[in-house]
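Undergrad: Input upload_18.cif, format and content: mmCIF, C-alpha atoms; chains and numbers go by the auth columns.
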```cif
data_upload
loop_
_atom_site.group_PDB
_atom_site.id
_atom_site.type_symbol
_atom_site.label_atom_id
_atom_site.label_comp_id
_atom_site.label_asym_id
_atom_site.label_seq_id
_atom_site.Cartn_x
_atom_site.Cartn_y
_atom_site.Cartn_z
_atom_site.B_iso_or_equiv
_atom_site.auth_seq_id
_atom_site.auth_asym_id
ATOM 1 C CA MET A 1 116.336 -91.159 56.386 0.00 6 J
ATOM 2 C CA ALA A 2 112.781 -91.702 57.617 0.00 7 J
ATOM 3 C CA PHE A 3 113.769 -90.813 61.176 0.00 8 J
ATOM 4 C CA GLY A 4 115.753 -87.772 59.989 0.00 9 J
ATOM 5 C CA LEU A 5 112.752 -86.416 58.064 0.00 10 J
ATOM 6 C CA THR A 6 110.521 -86.897 61.114 0.00 11 J
ATOM 7 C CA LEU A 7 113.058 -85.115 63.318 0.00 12 J
ATOM 8 C CA LEU A 8 113.300 -82.134 60.952 0.00 13 J
ATOM 9 C CA ALA A 9 109.503 -81.878 60.745 0.00 14 J
ATOM 10 C CA GLY A 10 109.212 -81.937 64.533 0.00 15 J
ATOM 11 C CA LEU A 11 111.932 -79.337 65.086 0.00 16 J
ATOM 12 C CA SER A 12 109.994 -76.836 62.972 0.00 17 J
ATOM 13 C CA THR A 13 108.171 -75.875 66.172 0.00 18 J
ATOM 14 C CA GLY A 14 111.461 -74.228 67.161 0.00 19 J
ATOM 15 C CA ILE A 15 111.190 -71.959 64.095 0.00 20 J
ATOM 16 C CA GLY A 16 107.727 -70.861 65.218 0.00 21 J
ATOM 17 C CA SER A 17 108.973 -70.276 68.742 0.00 22 J
ATOM 18 C CA ALA A 18 111.918 -68.205 67.478 0.00 23 J
ATOM 19 C CA LEU A 19 109.538 -66.133 65.331 0.00 24 J
ATOM 20 C CA ALA A 20 107.419 -65.432 68.409 0.00 25 J
ATOM 21 C CA PHE A 21 110.412 -63.837 70.114 0.00 26 J
ATOM 22 C CA CYS A 22 112.035 -62.130 67.102 0.00 27 J
ATOM 23 C CA ALA A 23 109.098 -60.798 65.095 0.00 28 J
ATOM 24 C CA ARG A 24 106.924 -57.910 66.240 0.00 29 J
ATOM 25 C CA GLN A 25 103.748 -58.984 64.465 0.00 30 J
ATOM 26 C CA THR A 26 102.152 -62.018 62.831 0.00 31 J
ATOM 27 C CA ASN A 27 102.242 -62.231 59.032 0.00 32 J
ATOM 28 C CA THR A 28 98.683 -63.575 58.794 0.00 33 J
ATOM 29 C CA LYS A 29 98.654 -63.675 54.980 0.00 34 J
ATOM 30 C CA LEU A 30 101.797 -65.782 54.787 0.00 35 J
ATOM 31 C CA LEU A 31 100.617 -68.131 57.556 0.00 36 J
ATOM 32 C CA SER A 32 97.188 -68.589 55.943 0.00 37 J
ATOM 33 C CA LEU A 33 98.777 -69.382 52.594 0.00 38 J
ATOM 34 C CA ALA A 34 101.315 -71.750 54.189 0.00 39 J
ATOM 35 C CA LEU A 35 98.691 -73.599 56.248 0.00 40 J
ATOM 36 C CA GLY A 36 96.470 -73.963 53.186 0.00 41 J
ATOM 37 C CA LEU A 37 99.413 -75.238 51.134 0.00 42 J
ATOM 38 C CA SER A 38 100.258 -77.752 53.849 0.00 43 J
ATOM 39 C CA ALA A 39 96.640 -78.966 53.905 0.00 44 J
ATOM 40 C CA GLY A 40 96.601 -79.270 50.106 0.00 45 J
ATOM 41 C CA VAL A 41 99.742 -81.412 50.121 0.00 46 J
ATOM 42 C CA MET A 42 98.371 -83.691 52.852 0.00 47 J
ATOM 43 C CA ILE A 43 94.894 -84.132 51.365 0.00 48 J
ATOM 44 C CA TYR A 44 96.124 -84.771 47.811 0.00 49 J
ATOM 45 C CA VAL A 45 98.869 -87.217 48.759 0.00 50 J
ATOM 46 C CA SER A 46 96.549 -89.025 51.192 0.00 51 J
ATOM 47 C CA PHE A 47 93.769 -89.690 48.696 0.00 52 J
ATOM 48 C CA ILE A 48 95.753 -90.014 45.467 0.00 53 J
ATOM 49 C CA GLU A 49 98.863 -91.848 46.649 0.00 54 J
ATOM 50 C CA ILE A 50 98.822 -93.167 50.238 0.00 55 J
ATOM 51 C CA PHE A 51 95.290 -94.617 50.277 0.00 56 J
ATOM 52 C CA PHE A 52 95.819 -96.150 46.834 0.00 57 J
ATOM 53 C CA LYS A 53 99.128 -97.801 47.815 0.00 58 J
ATOM 54 C CA ALA A 54 97.627 -99.109 51.071 0.00 59 J
ATOM 55 C CA LYS A 55 94.687 -100.587 49.145 0.00 60 J
ATOM 56 C CA GLN A 56 97.041 -102.109 46.584 0.00 61 J
ATOM 57 C CA ALA A 57 99.196 -103.786 49.264 0.00 62 J
ATOM 58 C CA LEU A 58 96.250 -105.094 51.277 0.00 63 J
ATOM 59 C CA GLU A 59 94.371 -106.406 48.242 0.00 64 J
ATOM 60 C CA ALA A 60 97.505 -108.294 47.156 0.00 65 J
ATOM 61 C CA ASP A 61 97.688 -110.008 50.571 0.00 66 J
ATOM 62 C CA LEU A 62 94.022 -110.346 51.533 0.00 67 J
ATOM 63 C CA GLY A 63 92.184 -110.359 48.213 0.00 68 J
ATOM 64 C CA PRO A 64 90.190 -107.576 46.504 0.00 69 J
ATOM 65 C CA THR A 65 87.137 -107.516 48.772 0.00 70 J
ATOM 66 C CA GLN A 66 88.734 -108.070 52.166 0.00 71 J
ATOM 67 C CA GLY A 67 91.715 -105.879 51.260 0.00 72 J
ATOM 68 C CA TYR A 68 89.468 -102.963 50.324 0.00 73 J
ATOM 69 C CA TRP A 69 87.425 -103.340 53.535 0.00 74 J
ATOM 70 C CA VAL A 70 90.565 -103.369 55.686 0.00 75 J
ATOM 71 C CA THR A 71 91.913 -100.287 53.864 0.00 76 J
ATOM 72 C CA VAL A 72 88.736 -98.326 54.508 0.00 77 J
ATOM 73 C CA LEU A 73 88.558 -99.439 58.155 0.00 78 J
ATOM 74 C CA ALA A 74 92.223 -98.513 58.721 0.00 79 J
ATOM 75 C CA PHE A 75 91.654 -95.116 57.066 0.00 80 J
ATOM 76 C CA PHE A 76 88.788 -94.224 59.386 0.00 81 J
ATOM 77 C CA SER A 77 90.619 -95.749 62.363 0.00 82 J
ATOM 78 C CA GLY A 78 93.447 -93.270 61.703 0.00 83 J
ATOM 79 C CA MET A 79 90.894 -90.475 61.737 0.00 84 J
ATOM 80 C CA GLY A 80 89.361 -91.859 64.934 0.00 85 J
ATOM 81 C CA LEU A 81 92.751 -92.065 66.668 0.00 86 J
ATOM 82 C CA ILE A 82 93.733 -88.448 66.030 0.00 87 J
ATOM 83 C CA ALA A 83 90.179 -87.269 66.795 0.00 88 J
ATOM 84 C CA ALA A 84 90.207 -89.091 70.154 0.00 89 J
ATOM 85 C CA ILE A 85 93.581 -87.594 71.075 0.00 90 J
ATOM 86 C CA ASP A 86 92.352 -84.144 70.055 0.00 91 J
ATOM 87 C CA LYS A 87 89.258 -84.612 72.218 0.00 92 J
ATOM 88 C CA LEU A 88 91.269 -85.747 75.246 0.00 93 J
ATOM 89 C CA VAL A 89 93.559 -82.689 75.150 0.00 94 J
ATOM 90 C CA PRO A 90 91.694 -79.729 76.721 0.00 95 J
ATOM 91 C CA ASP A 91 91.572 -76.560 74.611 0.00 96 J
ATOM 92 C CA PHE A 92 93.695 -74.636 77.083 0.00 97 J
ATOM 93 C CA GLU A 93 96.614 -77.032 76.814 0.00 98 J
ATOM 94 C CA ASN A 94 96.063 -77.848 73.139 0.00 99 J
ATOM 95 C CA PRO A 95 99.125 -76.786 71.114 0.00 100 J
ATOM 96 C CA HIS A 96 96.948 -76.327 68.033 0.00 101 J
ATOM 97 C CA GLU A 97 95.024 -73.443 69.610 0.00 102 J
ATOM 98 C CA ILE A 98 95.892 -70.365 67.552 0.00 103 J
ATOM 99 C CA HIS A 99 97.835 -67.488 69.128 0.00 104 J
ATOM 100 C CA LYS A 100 99.524 -64.494 67.556 0.00 105 J
ATOM 101 C CA ILE A 101 102.937 -62.927 68.132 0.00 106 J
ATOM 102 C CA GLU A 102 101.250 -59.658 69.160 0.00 107 J
ATOM 103 C CA GLU A 103 100.064 -61.398 72.327 0.00 108 J
ATOM 104 C CA MET A 104 103.679 -61.314 73.527 0.00 109 J
ATOM 105 C CA GLN A 105 103.286 -57.537 74.001 0.00 110 J
ATOM 106 C CA ASP A 106 99.798 -57.757 75.516 0.00 111 J
ATOM 107 C CA GLU A 107 100.222 -57.243 79.252 0.00 112 J
ATOM 108 C CA GLU A 108 96.526 -57.964 79.824 0.00 113 J
ATOM 109 C CA GLY A 109 97.115 -61.504 78.556 0.00 114 J
ATOM 110 C CA LEU A 110 99.142 -62.378 81.651 0.00 115 J
ATOM 111 C CA ASN A 111 96.200 -63.630 83.719 0.00 116 J
ATOM 112 C CA LYS A 112 94.673 -65.417 80.739 0.00 117 J
ATOM 113 C CA PHE A 113 97.596 -67.860 80.513 0.00 118 J
ATOM 114 C CA GLN A 114 98.509 -68.037 84.200 0.00 119 J
ATOM 115 C CA ARG A 115 96.948 -71.479 84.556 0.00 120 J
ATOM 116 C CA LEU A 116 99.729 -72.981 82.431 0.00 121 J
ATOM 117 C CA TYR A 117 102.140 -72.482 85.334 0.00 122 J
ATOM 118 C CA LYS A 118 100.074 -74.804 87.562 0.00 123 J
ATOM 119 C CA VAL A 119 99.633 -77.457 84.929 0.00 124 J
ATOM 120 C CA GLY A 120 103.025 -77.230 83.216 0.00 125 J
ATOM 121 C CA MET A 121 103.816 -80.944 83.406 0.00 126 J
ATOM 122 C CA PHE A 122 100.355 -81.938 82.213 0.00 127 J
ATOM 123 C CA SER A 123 100.569 -79.413 79.405 0.00 128 J
ATOM 124 C CA ALA A 124 103.928 -80.780 78.237 0.00 129 J
ATOM 125 C CA LEU A 125 102.540 -84.331 78.344 0.00 130 J
ATOM 126 C CA ALA A 126 99.397 -83.295 76.449 0.00 131 J
ATOM 127 C CA ILE A 127 101.479 -81.637 73.731 0.00 132 J
ATOM 128 C CA ALA A 128 103.696 -84.716 73.417 0.00 133 J
ATOM 129 C CA ILE A 129 100.712 -87.082 73.134 0.00 134 J
ATOM 130 C CA HIS A 130 99.130 -84.825 70.513 0.00 135 J
ATOM 131 C CA ASN A 131 102.235 -84.934 68.299 0.00 136 J
ATOM 132 C CA PHE A 132 102.966 -88.668 68.593 0.00 137 J
ATOM 133 C CA PRO A 133 100.662 -89.777 65.731 0.00 138 J
ATOM 134 C CA GLU A 134 102.070 -87.085 63.426 0.00 139 J
ATOM 135 C CA GLY A 135 105.571 -88.429 64.004 0.00 140 J
ATOM 136 C CA LEU A 136 104.508 -92.002 63.371 0.00 141 J
ATOM 137 C CA ALA A 137 102.648 -90.927 60.217 0.00 142 J
ATOM 138 C CA THR A 138 105.663 -89.084 58.784 0.00 143 J
ATOM 139 C CA PHE A 139 108.021 -91.914 59.689 0.00 144 J
ATOM 140 C CA THR A 140 105.807 -94.669 58.251 0.00 145 J
ATOM 141 C CA ALA A 141 105.273 -92.770 55.002 0.00 146 J
ATOM 142 C CA ALA A 142 109.009 -92.107 54.595 0.00 147 J
ATOM 143 C CA LEU A 143 109.845 -95.721 55.385 0.00 148 J
ATOM 144 C CA LYS A 144 107.439 -97.015 52.735 0.00 149 J
ATOM 145 C CA ASP A 145 108.082 -94.374 50.068 0.00 150 J
ATOM 146 C CA PRO A 146 110.797 -91.699 50.594 0.00 151 J
ATOM 147 C CA SER A 147 109.323 -89.305 48.011 0.00 152 J
ATOM 148 C CA ILE A 148 105.968 -89.299 49.818 0.00 153 J
ATOM 149 C CA GLY A 149 107.780 -89.079 53.159 0.00 154 J
ATOM 150 C CA ILE A 150 109.572 -85.894 52.071 0.00 155 J
ATOM 151 C CA ALA A 151 106.294 -84.284 50.989 0.00 156 J
ATOM 152 C CA ILE A 152 104.586 -85.151 54.278 0.00 157 J
ATOM 153 C CA ALA A 153 107.617 -84.020 56.318 0.00 158 J
ATOM 154 C CA VAL A 154 107.536 -80.616 54.575 0.00 159 J
ATOM 155 C CA ALA A 155 103.758 -80.320 55.124 0.00 160 J
ATOM 156 C CA ILE A 156 104.050 -81.274 58.807 0.00 161 J
ATOM 157 C CA GLY A 157 107.006 -78.885 59.174 0.00 162 J
ATOM 158 C CA ILE A 158 104.944 -75.968 57.810 0.00 163 J
ATOM 159 C CA HIS A 159 102.101 -76.994 60.105 0.00 164 J
ATOM 160 C CA ASN A 160 104.448 -76.998 63.116 0.00 165 J
ATOM 161 C CA ILE A 161 105.690 -73.416 62.668 0.00 166 J
ATOM 162 C CA PRO A 162 102.465 -71.717 63.885 0.00 167 J
ATOM 163 C CA GLU A 163 102.218 -74.507 66.479 0.00 168 J
ATOM 164 C CA GLY A 164 105.551 -73.293 67.876 0.00 169 J
ATOM 165 C CA VAL A 165 104.046 -69.819 68.271 0.00 170 J
ATOM 166 C CA ALA A 166 100.932 -71.334 69.878 0.00 171 J
ATOM 167 C CA VAL A 167 103.018 -73.171 72.472 0.00 172 J
ATOM 168 C CA SER A 168 105.458 -70.337 73.223 0.00 173 J
ATOM 169 C CA VAL A 169 102.985 -67.507 73.816 0.00 174 J
ATOM 170 C CA PRO A 170 100.970 -69.020 76.713 0.00 175 J
ATOM 171 C CA ILE A 171 104.007 -70.599 78.385 0.00 176 J
ATOM 172 C CA TYR A 172 105.874 -67.282 78.227 0.00 177 J
ATOM 173 C CA TYR A 173 102.985 -65.563 79.979 0.00 178 J
ATOM 174 C CA ALA A 174 102.769 -68.324 82.561 0.00 179 J
ATOM 175 C CA THR A 175 106.472 -68.175 83.463 0.00 180 J
ATOM 176 C CA GLY A 176 107.811 -64.848 82.148 0.00 181 J
ATOM 177 C CA ASP A 177 110.785 -66.856 80.892 0.00 182 J
ATOM 178 C CA ARG A 178 111.533 -66.769 77.147 0.00 183 J
ATOM 179 C CA LYS A 179 114.087 -69.573 77.389 0.00 184 J
ATOM 180 C CA LYS A 180 111.574 -71.845 79.115 0.00 185 J
ATOM 181 C CA ALA A 181 108.911 -71.023 76.519 0.00 186 J
ATOM 182 C CA PHE A 182 111.342 -71.884 73.710 0.00 187 J
ATOM 183 C CA TYR A 183 112.422 -75.052 75.534 0.00 188 J
ATOM 184 C CA TYR A 184 108.850 -76.361 75.910 0.00 189 J
ATOM 185 C CA SER A 185 108.053 -75.467 72.302 0.00 190 J
ATOM 186 C CA PHE A 186 111.199 -77.299 71.183 0.00 191 J
ATOM 187 C CA LEU A 187 110.251 -80.243 73.415 0.00 192 J
ATOM 188 C CA SER A 188 106.777 -80.469 71.886 0.00 193 J
ATOM 189 C CA GLY A 189 108.419 -80.901 68.476 0.00 194 J
ATOM 190 C CA LEU A 190 110.699 -83.665 69.769 0.00 195 J
ATOM 191 C CA ALA A 191 107.558 -85.670 70.568 0.00 196 J
ATOM 192 C CA GLU A 192 107.215 -86.390 66.841 0.00 197 J
ATOM 193 C CA PRO A 193 110.526 -88.260 66.364 0.00 198 J
ATOM 194 C CA ALA A 194 109.871 -89.883 69.757 0.00 199 J
ATOM 195 C CA GLY A 195 106.518 -91.133 68.432 0.00 200 J
ATOM 196 C CA ALA A 196 108.228 -92.430 65.309 0.00 201 J
ATOM 197 C CA LEU A 197 110.898 -94.250 67.322 0.00 202 J
ATOM 198 C CA LEU A 198 108.407 -95.760 69.772 0.00 203 J
ATOM 199 C CA GLY A 199 106.091 -96.854 66.963 0.00 204 J
ATOM 200 C CA TYR A 200 108.958 -98.433 65.067 0.00 205 J
ATOM 201 C CA LEU A 201 110.265 -100.313 68.116 0.00 206 J
ATOM 202 C CA LEU A 202 106.786 -101.648 68.911 0.00 207 J
ATOM 203 C CA LEU A 203 105.899 -102.571 65.332 0.00 208 J
ATOM 204 C CA MET A 204 109.316 -103.686 64.056 0.00 209 J
ATOM 205 C CA PRO A 205 108.814 -107.395 64.920 0.00 210 J
ATOM 206 C CA TYR A 206 105.488 -107.420 63.060 0.00 211 J
ATOM 207 C CA LEU A 207 106.372 -105.400 59.942 0.00 212 J
ATOM 208 C CA SER A 208 104.981 -106.985 56.784 0.00 213 J
ATOM 209 C CA ASP A 209 103.160 -105.824 53.665 0.00 214 J
ATOM 210 C CA THR A 210 99.829 -106.239 55.461 0.00 215 J
ATOM 211 C CA VAL A 211 100.944 -104.246 58.514 0.00 216 J
ATOM 212 C CA PHE A 212 102.441 -101.561 56.280 0.00 217 J
ATOM 213 C CA GLY A 213 99.196 -101.424 54.292 0.00 218 J
ATOM 214 C CA ILE A 214 97.141 -100.930 57.472 0.00 219 J
ATOM 215 C CA LEU A 215 99.569 -98.309 58.781 0.00 220 J
ATOM 216 C CA PHE A 216 99.606 -96.511 55.436 0.00 221 J
ATOM 217 C CA ALA A 217 95.806 -96.337 55.292 0.00 222 J
ATOM 218 C CA GLY A 218 95.781 -95.087 58.903 0.00 223 J
ATOM 219 C CA VAL A 219 98.355 -92.433 57.983 0.00 224 J
ATOM 220 C CA ALA A 220 96.068 -91.233 55.187 0.00 225 J
ATOM 221 C CA GLY A 221 93.224 -90.860 57.695 0.00 226 J
ATOM 222 C CA ILE A 222 95.449 -88.970 60.147 0.00 227 J
ATOM 223 C CA MET A 223 96.660 -86.574 57.430 0.00 228 J
ATOM 224 C CA VAL A 224 93.150 -85.822 56.139 0.00 229 J
ATOM 225 C CA PHE A 225 91.812 -85.235 59.663 0.00 230 J
ATOM 226 C CA ILE A 226 94.699 -82.892 60.568 0.00 231 J
ATOM 227 C CA SER A 227 94.057 -80.912 57.379 0.00 232 J
ATOM 228 C CA LEU A 228 90.302 -80.566 57.905 0.00 233 J
ATOM 229 C CA ASP A 229 90.273 -80.144 61.682 0.00 234 J
ATOM 230 C CA GLU A 230 93.439 -78.107 62.299 0.00 235 J
ATOM 231 C CA LEU A 231 95.111 -76.560 59.250 0.00 236 J
ATOM 232 C CA LEU A 232 92.171 -75.055 57.358 0.00 237 J
ATOM 233 C CA PRO A 233 90.318 -73.821 60.486 0.00 238 J
ATOM 234 C CA ALA A 234 93.616 -72.327 61.748 0.00 239 J
ATOM 235 C CA ALA A 235 94.107 -70.496 58.456 0.00 240 J
ATOM 236 C CA ARG A 236 90.560 -69.149 58.739 0.00 241 J
ATOM 237 C CA GLN A 237 91.226 -67.929 62.296 0.00 242 J
ATOM 238 C CA TYR A 238 94.069 -65.833 60.926 0.00 243 J
ATOM 239 C CA GLY A 239 91.384 -64.014 58.924 0.00 244 J
ATOM 240 C CA GLU A 240 92.607 -64.905 55.439 0.00 245 J
ATOM 241 C CA HIS A 241 90.035 -67.462 54.254 0.00 246 J
ATOM 242 C CA HIS A 242 90.557 -67.005 50.491 0.00 247 J
ATOM 243 C CA LEU A 243 94.342 -67.188 50.800 0.00 248 J
ATOM 244 C CA SER A 244 94.042 -70.491 52.650 0.00 249 J
ATOM 245 C CA ILE A 245 91.982 -71.922 49.765 0.00 250 J
ATOM 246 C CA TYR A 246 94.471 -70.597 47.208 0.00 251 J
ATOM 247 C CA GLY A 247 97.197 -72.251 49.273 0.00 252 J
ATOM 248 C CA LEU A 248 95.162 -75.486 49.352 0.00 253 J
ATOM 249 C CA VAL A 249 94.929 -75.589 45.553 0.00 254 J
ATOM 250 C CA MET A 250 98.614 -74.662 45.215 0.00 255 J
ATOM 251 C CA GLY A 251 99.567 -77.451 47.630 0.00 256 J
ATOM 252 C CA MET A 252 97.576 -79.985 45.615 0.00 257 J
ATOM 253 C CA ALA A 253 99.144 -78.752 42.361 0.00 258 J
ATOM 254 C CA VAL A 254 102.677 -78.889 43.797 0.00 259 J
ATOM 255 C CA MET A 255 102.082 -82.404 45.140 0.00 260 J
ATOM 256 C CA ALA A 256 100.576 -83.563 41.828 0.00 261 J
ATOM 257 C CA LEU A 257 103.518 -82.146 39.906 0.00 262 J
ATOM 258 C CA SER A 258 106.091 -83.727 42.211 0.00 263 J
ATOM 259 C CA LEU A 259 104.378 -87.131 41.898 0.00 264 J
ATOM 260 C CA LEU A 260 104.344 -86.801 38.102 0.00 265 J
ATOM 261 C CA LEU A 261 108.031 -85.850 37.989 0.00 266 J
ATOM 262 C CA PHE A 262 109.177 -88.581 40.353 0.00 267 J
ATOM 263 C CA ALA A 263 106.811 -91.324 39.181 0.00 268 J
#
```
Rewrite the structure from the file as structure tokens, please.

TA:
Amino acid sequence: MAFGLTLLAGLSTGIGSALAFCARQTNTKLLSLALGLSAGVMIYVSFIEIFFKAKQALEADLGPTQGYWVTVLAFFSGMGLIAAIDKLVPDFENPHEIHKIEEMQDEEGLNKFQRLYKVGMFSALAIAIHNFPEGLATFTAALKDPSIGIAIAVAIGIHNIPEGVAVSVPIYYATGDRKKAFYYSFLSGLAEPAGALLGYLLLMPYLSDTVFGILFAGVAGIMVFISLDELLPAARQYGEHHLSIYGLVMGMAVMALSLLLFA
């Protein structure tokens, strides 16, 4: 189930890629609202549920003081990991750079994205590396608590739709091939279940309550960083700042309600 949720979240990039080729313009209001909602879900569940459960597990194993310290360190380590990966991926190849569907009809954009043709393999690798932690985060959360895993999978899936557009547009201009653009966008999404599988295979021999607690706290850090560094700024770039905040509050409310109903 955990792997299936991660796979579905990753494949949402294909939806974004399909929209890039089927739609004639970007629905900025809907995307801003959706990105804000995704951020709200991630932030609320990270602070209210994931961090708390990680702290609870680690304190039970390591004691109140040491357990709390390890939780906090793991939380900020998760932030540091995703921040380092984000820093290592150049802006030009970064799949989280915002693009709009209208760029598909902009002939002047051809030269702007031509560099992608020369660095296609590096770009694909950069995209895959960028999505690995998201896959591991979704998988770990679903493995520990399926209800939280579903919420995170939905949030990551929403987040991946505009990412699919962001990957497809420059690659289409670099190659002139819609099928290739869709293929690379689809491939970038597959990096998430690949990250989940690799993480599981590496960590499987060491899985324990302590390891799960550390991973869970790290997942909380990853989710919060993605929300603050990618989702909310992306929503603002679409020019609908207030809608993104409304979406943020809605996402928190939806997550709170789902936790109350399934508690």

Undergrad: To one decimal in Å, tell me the separation between atom CA of Phe80 of chain J and atom CA of Phe57 of chain J.

TA: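 A separation of 11.1 Å between them.
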
Undergrad: When you count only C-alpha atoms, which of these residues is closest to Gly200 of chain J: J:Asp214, J:Asp234, J:Glu139, J:Asp150?

TA: J:Glu139

Undergrad: What's the 8 Å shell around Ile227 of chain J, counting only C-alpha atoms, without same-chain residues fewer than 6 positions away, as a ChimeraX atom specification?

TA: /J:80,83-84,86-87,138-139,142

Undergrad: Can you turn the PyMOL selection byres ((chain J and resi 11) around 6) into a concrete residue list for this file, as an mmCIF file with C-alpha atoms, keeping the file's coordinate frame?

TA:
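Final output, result.cif:
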```cif
data_model
loop_
_atom_site.group_PDB
_atom_site.id
_atom_site.type_symbol
_atom_site.label_atom_id
_atom_site.label_comp_id
_atom_site.auth_asym_id
_atom_site.auth_seq_id
_atom_site.Cartn_x
_atom_site.Cartn_y
_atom_site.Cartn_z
ATOM 1 C CA PHE J 8 113.769 -90.813 61.176
ATOM 2 C CA GLY J 9 115.753 -87.772 59.989
ATOM 3 C CA LEU J 10 112.752 -86.416 58.064
ATOM 4 C CA LEU J 12 113.058 -85.115 63.318
ATOM 5 C CA LEU J 13 113.300 -82.134 60.952
ATOM 6 C CA ALA J 14 109.503 -81.878 60.745
ATOM 7 C CA GLY J 140 105.571 -88.429 64.004
ATOM 8 C CA THR J 143 105.663 -89.084 58.784
ATOM 9 C CA PHE J 144 108.021 -91.914 59.689
ATOM 10 C CA PRO J 198 110.526 -88.260 66.364
#
```

Undergrad: Counting all atoms listed in the file, what is within 8 Å of Gly226 of chain J, bar same-chain residues fewer than 3 positions away, as a PyMOL selection string?

TA: chain J and resi 51+79-84+222-223+229-230

Undergrad: Once the PyMOL selection byres ((chain J and resi 66) around 12) is applied to the coordinates I shared, what remains selected? I want it as a PyMOL selection string.

TA: chain J and resi 59-65+67-73+75-76+213-219

Undergrad: Using all atoms listed in the file, which of the listed residues (J:Lys185, J:His164, J:Arg241, J:His246) sits closest to Ser43 of chain J?

TA: J:His164

Undergrad: Have a look at J:Leu220, J:Ala23, J:Ala258, J:Leu264 and name the one nearest to Tyr205 of chain J; count only C-alpha atoms.

TA: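 Ranking J:Leu220, J:Ala23, J:Ala258, J:Leu264 by distance to Tyr205 of chain J, first place goes to J:Leu220.
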